Number of protein chains: 4
Amino acid sequence: MNRSAVFLIRTEDRKGLLSAISGFFAERDLNILECRQFSDVLEHQYFMRVAVELPPELTKAELEAQFGQLAAELHLSCSVHYSGEVRNVAVMVSKARHCLYDLLTAAEENLLGGGRVTLVIGNHPELEEVAAKFQVPFYCCPISRSGDRAQEARVMELIDRHRIDLVVLARYMRILSDEFIRRYPERIINIHHAFLPAFMGGNPYRRAWERGVKMIGATAHYATADLDEGPIIEQDVERITHESLPEDLRQRGRDIERRVLTRAVRAHLEHRIIISGHRTIVFSA
Amino acid sequence: MNRSAVFLIRTEDRKGLLSAISGFFAERDLNILECRQFSDVLEHQYFMRVAVELPPELTKAELEAQFGQLAAELHLSCSVHYSGEVRNVAVMVSKARHCLYDLLTAAEENLLGGGRVTLVIGNHPELEEVAAKFQVPFYCCPISRSGDRAQEARVMELIDRHRIDLVVLARYMRILSDEFIRRYPERIINIHHAFLPAFMGGNPYRRAWERGVKMIGATAHYATADLDEGPIIEQDVERITHESLPEDLRQRGRDIERRVLTRAVRAHLEHRIIISGHRTIVFSA
Amino acid sequence: MNRSAVFLIRTEDRKGLLSAISGFFAERDLNILECRQFSDVLEHQYFMRVAVELPPELTKAELEAQFGQLAAELHLSCSVHYSGEVRNVAVMVSKARHCLYDLLTAAEENLLGGGRVTLVIGNHPELEEVAAKFQVPFYCCPISRSGDRAQEARVMELIDRHRIDLVVLARYMRILSDEFIRRYPERIINIHHAFLPAFMGGNPYRRAWERGVKMIGATAHYATADLDEGPIIEQDVERITHESLPEDLRQRGRDIERRVLTRAVRAHLEHRIIISGHRTIVFSA
Amino acid sequence: MNRSAVFLIRTEDRKGLLSAISGFFAERDLNILECRQFSDVLEHQYFMRVAVELPPELTKAELEAQFGQLAAELHLSCSVHYSGEVRNVAVMVSKARHCLYDLLTAAEENLLGGGRVTLVIGNHPELEEVAAKFQVPFYCCPISRSGDRAQEARVMELIDRHRIDLVVLARYMRILSDEFIRRYPERIINIHHAFLPAFMGGNPYRRAWERGVKMIGATAHYATADLDEGPIIEQDVERITHESLPEDLRQRGRDIERRVLTRAVRAHLEHRIIISGHRTIVFSA
């Protein structure tokens with residue numbers, strides 16, 4: 001398996017972009033493994049994901065210098081990602097274990113792109129045993145009398161020290177401060193246990209039962225300072241009936257939450273997502 | 001095919017109900033075609049739907065007198081419905097035609113229980129041609145200068161004169177007055193073109209696009225004075241992507257809306273629904 | 001709205017294709033509205049769909065001459081389709097009306113690309129009234145004593161005389177001869193009322209009930225000489241329970257069949273499909 | 001939480017059954033927690049699931065003696081199951097780990113009714129580490145030169161010695177002998193990685209790709225001597241596209257297989273299933 005690189009590109013939509021960009025790779029005789037693009041005709045934006053094979057003799061520095069020139073000419077926003085790069089993922093949890101298990105087993109089966117779960121951070125000690133099964137360090141950062149700020153400071157220290165690329169809130173039941181959220185822009189993914197924007201806020205299963213909905217869902221989204229308002233990455237639902245009690249909804253939700261969250265994390269780690277305001281472009285596999 | 005009757009029963013949950021009620025039918029040697037019950041353990045309510053075959057010699061008057069005695073003893077709320085009873089349905093529309101077509105073709109294929117579409121009422125003239133194809137009278141009741149009240153009065157007069165059992169708001173794009181809604185309790189079904197409670201109110205496809213959701217849906221519910229808050233009967237969703245423009249969502253919604261609405265109308269006309277506060281018990285087929 | 005053209009392209013997969021083809025359009029300053037491609041790495045085939053805006057001064061002849069040169073150089077198989085081209089669709093039916101209704105109403109709402117239903121052909125007279133509602137000519141071609149061949153000859157004569165671009169078998173319950181199928185390659189779409197390849201052949205709802213499956217489905221596919229083996233375009237399913245009788249499955253199937261068939265017909269008429277052996281590439285909207 | 005019992009009942013359908021059986025519980029003043037019944041009008045069979053609360057003074061022996069009398073009078077086939085009974089589950093595996101993980105984590109979260117995973121049996125050693133994480137004994141029973149028979153004998157010895165109530169084939173990639181299957185009637189649940197009856201037999205994802213289906217699925221069923229023909233308990237599907245390679249289908253299948261299998265195992269262990277020939281009655285939660 002040769003090395004490969006993924007380019008995530010964004011620019012104002014206009015004529016000739018596809019030809020100019022694909023021409024860049026053709027001139028260098030690089031093999032395009034996959035190319036996806038999307039023109040947002042309402043916002044006049046152009047989005048592109050190109051995966052190319054890299055020949056052994058081409059260095060990253062050369063590639064980026066050359067592409068950087070094109071990007072400057074065409075005013076492209078661009079990020080480049082290489083196969084073989086390991087990405088550090090921190091999972092933040094409280095007491096619910098299903099999402100954590102799913103991320104750890106997906107990582108074990110190499111289903112998270114280049115991601116590996118580097119550490120698990122809990123505000124409760126319960127899930128230490130789960131992390132231990134997979135030999136992943138677990139840090140218990142409880143909310144103490146000194147308050148949320150002190151706890152967050154400890155969490156940020158852990159994240160920074162372990163050079164974390166992505167923070168996953170896997171049913172972490174505390175609201176994070178704006179400061180925390182802003183420190184890791186486009187690098188925090190949260191799972192909300194409802195089909196957003198229905199049932200924003202707390203206790204969505206109880207409220208779903210009270211409202212008498214006939215389907216429940218879950219939503220994975222990037223965390224932003226506006227709680228539950230961040231760009232949605234993935235959603236799914238299942239059908240329920242009048243017989244489902246709030247507790248049943250919680251159980252049914254287990255399958256939905258974990259698959260939605262793991263899919264979203266995988267899409268991020270495979271460099272398939274470009275954020276555009278409140279929306280995401282997901283070039284799905 | 002013999003005559004049959006459907007009993008919809010509701011009472012406070014307690015021991016012995018099933019035995020007492022099924023005993024009533026067994027003593028009379030009536031064949032139970034289908035029996036469904038549900039105990040709402042949170043609200044302590046008991047719901048039951050019993051369909052029985054009726055022998056030729058048993059009159060409705062006798063059956064109801066006898067069951068009425070049991071109902072009084074056990075404090076049952078109950079309604080009885082007989083096979084062969086035709087039920088008059090009025091469909092209210094504006095300009096979108098897909099839901100109206102679906103109801104008319106379902107009625108033509110005898111898929112609406114004992115329901116037949118007796119009249120179509122539009123606040124615009126556009127759908128007269130659709131009603132005409134099925135030989136259903138169409139009444140155009142535009143909003144004139146004399147205002148909504150005058151128009152609603154005309155609509156109510158039509159509904160009452162035609163002895164309408166069920167009013168279906170099939171993408172009727174006006175908000176009805178409280179007075180109108182309260183005149184037909186549990187007899188108005190509306191289709192909302194969103195997965196309620198997400199995107200309550202107007203323009204849900206545009207807002208779904210802006211919010212970047214990955215699935216869109218539709219919700220059929222009983223109309224109540226609280227707009228978009230009535231008891232939900234049926235919901236469904238479909239997956240969309242970043243490529244779907246608001247106009248695409250509208251087209252995709254076409255299939256969801258009409259199947260959700262027609263299923264809800266069928267469930268109502270087959271006497272499968274009991275309303276319980278904000279929720280519905282739907283004994284699905 | 002300007003004129004536009006859709007190119008459907010297929011060739012052996014290799015480097016430089018995207019650049020060469022998109023370069024063609026960039027050199028001519030043509031605006032690419034949508035571009036989708038797919039490399040089948042198992043079969044080493046490259047598939048592409050490009051939609052471009054056409055300036056008023058560019059004639060079809062010029063465009064095709066110029067692109068033809070490129071196609072020859074690069075060994076592209078290609079078809080070009082223009083906005084505004086009307087495409088004639090013939091719908092073949094027996095007695096079931098739901099798919100026919102769905103195609104006729106979709107056409108009425110301009111949801112079938114450039115397609116219009118030009119004629120309906122039934123081997124039974126029942127659906128004449130449905131076609132009549134939409135002012136579409138209905139031809140009854142019953143199977144007479146002279147047999148299937150004579151009937152098919154009459155149908156082929158109708159199809160040819162009306163310059164039909166696409167034949168839709170909308171629950172047409174006769175098996176067509178190889179000769180018939182081969183006469184209209186990639187131009188006949190059939191709906192099978194099962195999730196193929198499960199329950200190939202007749203009576204799938206009965207057999208689904210006997211087998212006790214928990215979901216039923218429908219499959220739209222191109223008709224080929226191998227019955228029920230043609231390239232699949234679209235499929236969908238719904239969940240059922242042990243309570244669903246074969247007759248219930250038939251009713252539930254109504255919604256699935258019609259939406260699957262109409263989506264497939266729309267994808268074909270919007271030039272979104274390329275057939276590749278037993279498989280289809282569907283560049284979905 | 002009081003003790004409770006679940007009765008699974010089957011008999012020929014006829015009048016008065018519901019009254020007679022519910023009368024039994026009412027006479028003894030037992031509280032019915034849930035009662036579901038189903039009349040199979042095609043096969044003239046009656047199925048019932050009744051869950052009742054048990055007062056402390058009522059012994060199992062008394063209850064069963066008394067109900068046994070009713071069952072004899074009414075010719076009921078019946079099984080009774082008590083809350084608090086632990087049920088021993090053996091999971092048989094090869095190399096794929098996702099289904100095993102799902103069963104072990106579901107058991108850890110008490111989502112398998114009264115089931116606990118007592119042992120894991122592999123024909124390969126790979127998954128020993130997975131079992132070890134959950135402190136579940138793992139037995140490696142490879143196919144040796146002495147052949148399948150010798151290996152099966154060892155497996156049967158393990159199952160019998162550990163008093164296993166349910167054997168789960170969690171992507172166990174060997175075909176079991178008729179003798180093995182017949183030894184544990186209605187006590188072996190298998191997951192097939194296809195939407196049966198499509199793609200019976202081996203390599204379903206490859207064959208699904210070749211056939212070009214647009215959805216893939218999985219099926220949990222009781223194992224019978226007719227391979228892949230046993231009564232289906234649960235199925236689910238997901239939508240795929242032409243871009244999904246056989247390897248992608250395998251990954252997508254991971255989520256479907258494990259949730260379908262775990263749901264089926266849970267339904268069995270919660271005594272929600274009655275087998276009827278090739279079909280199952282599943283009184284779903």
# chains A, B, ... in the order shown; residues from 1 in each chain; ligands from 1
>>> interface_residues(of="chain B", to="chain A", cutoff="10 Å", atoms="only C-alpha atoms", output="PyMOL selection string")
chain B and resi 38-42+195-200+208-215+219+229-239+241-246+276-284
>>> select_by_dssp(residues="region 140-240 of chain D", states="strand (DSSP E)", output="PyMOL selection string")
chain D and resi 140+166-169+188-192+215-222+232-239
>>> write_last_selection(atoms="N, CA, C and O atoms", output="short mmCIF file (atom, residue, chain, number, x, y, z; two decimals), in the first residue's frame")
data_model
loop_
_atom_site.label_atom_id
_atom_site.label_comp_id
_atom_site.auth_asym_id
_atom_site.auth_seq_id
_atom_site.Cartn_x
_atom_site.Cartn_y
_atom_site.Cartn_z
N CYS D 140 -11.01 -22.82 23.47
CA CYS D 140 -10.66 -22.94 22.06
C CYS D 140 -10.86 -24.37 21.62
O CYS D 140 -10.23 -25.30 22.16
N LEU D 166 -28.91 -21.30 26.19
CA LEU D 166 -28.98 -20.73 24.84
C LEU D 166 -27.59 -20.68 24.24
O LEU D 166 -26.65 -20.20 24.88
N VAL D 167 -27.48 -21.19 23.02
CA VAL D 167 -26.22 -21.12 22.28
C VAL D 167 -26.37 -20.04 21.21
O VAL D 167 -27.31 -20.07 20.42
N VAL D 168 -25.44 -19.08 21.19
CA VAL D 168 -25.50 -18.00 20.20
C VAL D 168 -24.33 -18.16 19.24
O VAL D 168 -23.17 -18.17 19.67
N LEU D 169 -24.64 -18.30 17.96
CA LEU D 169 -23.59 -18.39 16.94
C LEU D 169 -23.29 -16.97 16.46
O LEU D 169 -24.02 -16.42 15.63
N ILE D 188 -30.69 -22.52 19.75
CA ILE D 188 -29.52 -22.00 19.05
C ILE D 188 -29.97 -20.82 18.17
O ILE D 188 -30.86 -20.97 17.34
N ILE D 189 -29.35 -19.67 18.38
CA ILE D 189 -29.64 -18.50 17.55
C ILE D 189 -28.40 -18.17 16.73
O ILE D 189 -27.29 -18.11 17.26
N ASN D 190 -28.61 -17.97 15.43
CA ASN D 190 -27.51 -17.68 14.51
C ASN D 190 -27.71 -16.30 13.89
O ASN D 190 -28.83 -15.85 13.71
N ILE D 191 -26.60 -15.64 13.59
CA ILE D 191 -26.69 -14.40 12.80
C ILE D 191 -26.17 -14.71 11.40
O ILE D 191 -25.07 -15.25 11.23
N HIS D 192 -26.98 -14.40 10.41
CA HIS D 192 -26.54 -14.54 9.03
C HIS D 192 -26.30 -13.15 8.48
O HIS D 192 -27.15 -12.26 8.63
N MET D 215 -29.24 -2.11 -0.83
CA MET D 215 -29.32 -2.20 0.62
C MET D 215 -28.71 -3.53 1.04
O MET D 215 -28.85 -4.52 0.34
N ILE D 216 -28.05 -3.53 2.19
CA ILE D 216 -27.59 -4.80 2.75
C ILE D 216 -28.22 -4.98 4.12
O ILE D 216 -28.67 -4.02 4.74
N GLY D 217 -28.23 -6.22 4.57
CA GLY D 217 -28.91 -6.49 5.83
C GLY D 217 -28.30 -7.65 6.58
O GLY D 217 -27.25 -8.17 6.21
N ALA D 218 -28.95 -8.00 7.67
CA ALA D 218 -28.55 -9.15 8.45
C ALA D 218 -29.80 -9.78 9.05
O ALA D 218 -30.83 -9.12 9.18
N THR D 219 -29.70 -11.06 9.38
CA THR D 219 -30.84 -11.84 9.83
C THR D 219 -30.45 -12.71 11.01
O THR D 219 -29.49 -13.48 10.92
N ALA D 220 -31.16 -12.58 12.11
CA ALA D 220 -30.97 -13.50 13.24
C ALA D 220 -32.09 -14.53 13.21
O ALA D 220 -33.26 -14.17 13.04
N HIS D 221 -31.73 -15.80 13.31
CA HIS D 221 -32.74 -16.85 13.20
C HIS D 221 -32.36 -18.04 14.08
O HIS D 221 -31.19 -18.21 14.43
N TYR D 222 -33.35 -18.83 14.44
CA TYR D 222 -33.07 -20.09 15.12
C TYR D 222 -32.41 -21.04 14.14
O TYR D 222 -32.81 -21.10 12.97
N ILE D 232 -36.98 -16.96 11.36
CA ILE D 232 -36.34 -15.65 11.48
C ILE D 232 -36.87 -14.93 12.72
O ILE D 232 -38.07 -14.89 12.95
N ILE D 233 -35.97 -14.35 13.48
CA ILE D 233 -36.36 -13.60 14.68
C ILE D 233 -36.33 -12.10 14.41
O ILE D 233 -37.24 -11.37 14.76
N GLU D 234 -35.28 -11.65 13.76
CA GLU D 234 -35.09 -10.20 13.60
C GLU D 234 -34.25 -9.95 12.36
O GLU D 234 -33.35 -10.73 12.04
N GLN D 235 -34.54 -8.85 11.67
CA GLN D 235 -33.77 -8.45 10.50
C GLN D 235 -33.63 -6.94 10.49
O GLN D 235 -34.46 -6.22 11.03
N ASP D 236 -32.61 -6.47 9.85
CA ASP D 236 -32.48 -5.03 9.62
C ASP D 236 -31.61 -4.81 8.38
O ASP D 236 -30.90 -5.72 7.93
N VAL D 237 -31.67 -3.60 7.85
CA VAL D 237 -30.93 -3.28 6.63
C VAL D 237 -30.38 -1.88 6.71
O VAL D 237 -30.81 -1.08 7.53
N GLU D 238 -29.41 -1.57 5.86
CA GLU D 238 -28.96 -0.20 5.66
C GLU D 238 -28.75 0.04 4.17
O GLU D 238 -28.45 -0.88 3.41
N ARG D 239 -28.89 1.29 3.79
CA ARG D 239 -28.76 1.68 2.39
C ARG D 239 -27.28 1.78 2.02
O ARG D 239 -26.47 2.28 2.79
#
>>> atom_distance(atom1="CA of Leu74 (chain D)", atom2="CA of Val52 (chain D)")
19.7 Å
>>> closest_residue(among="A:Gln135, A:Arg183, A:Leu158, A:Leu33", to="Leu104 (chain A)", atoms="only C-alpha atoms")
A:Gln135
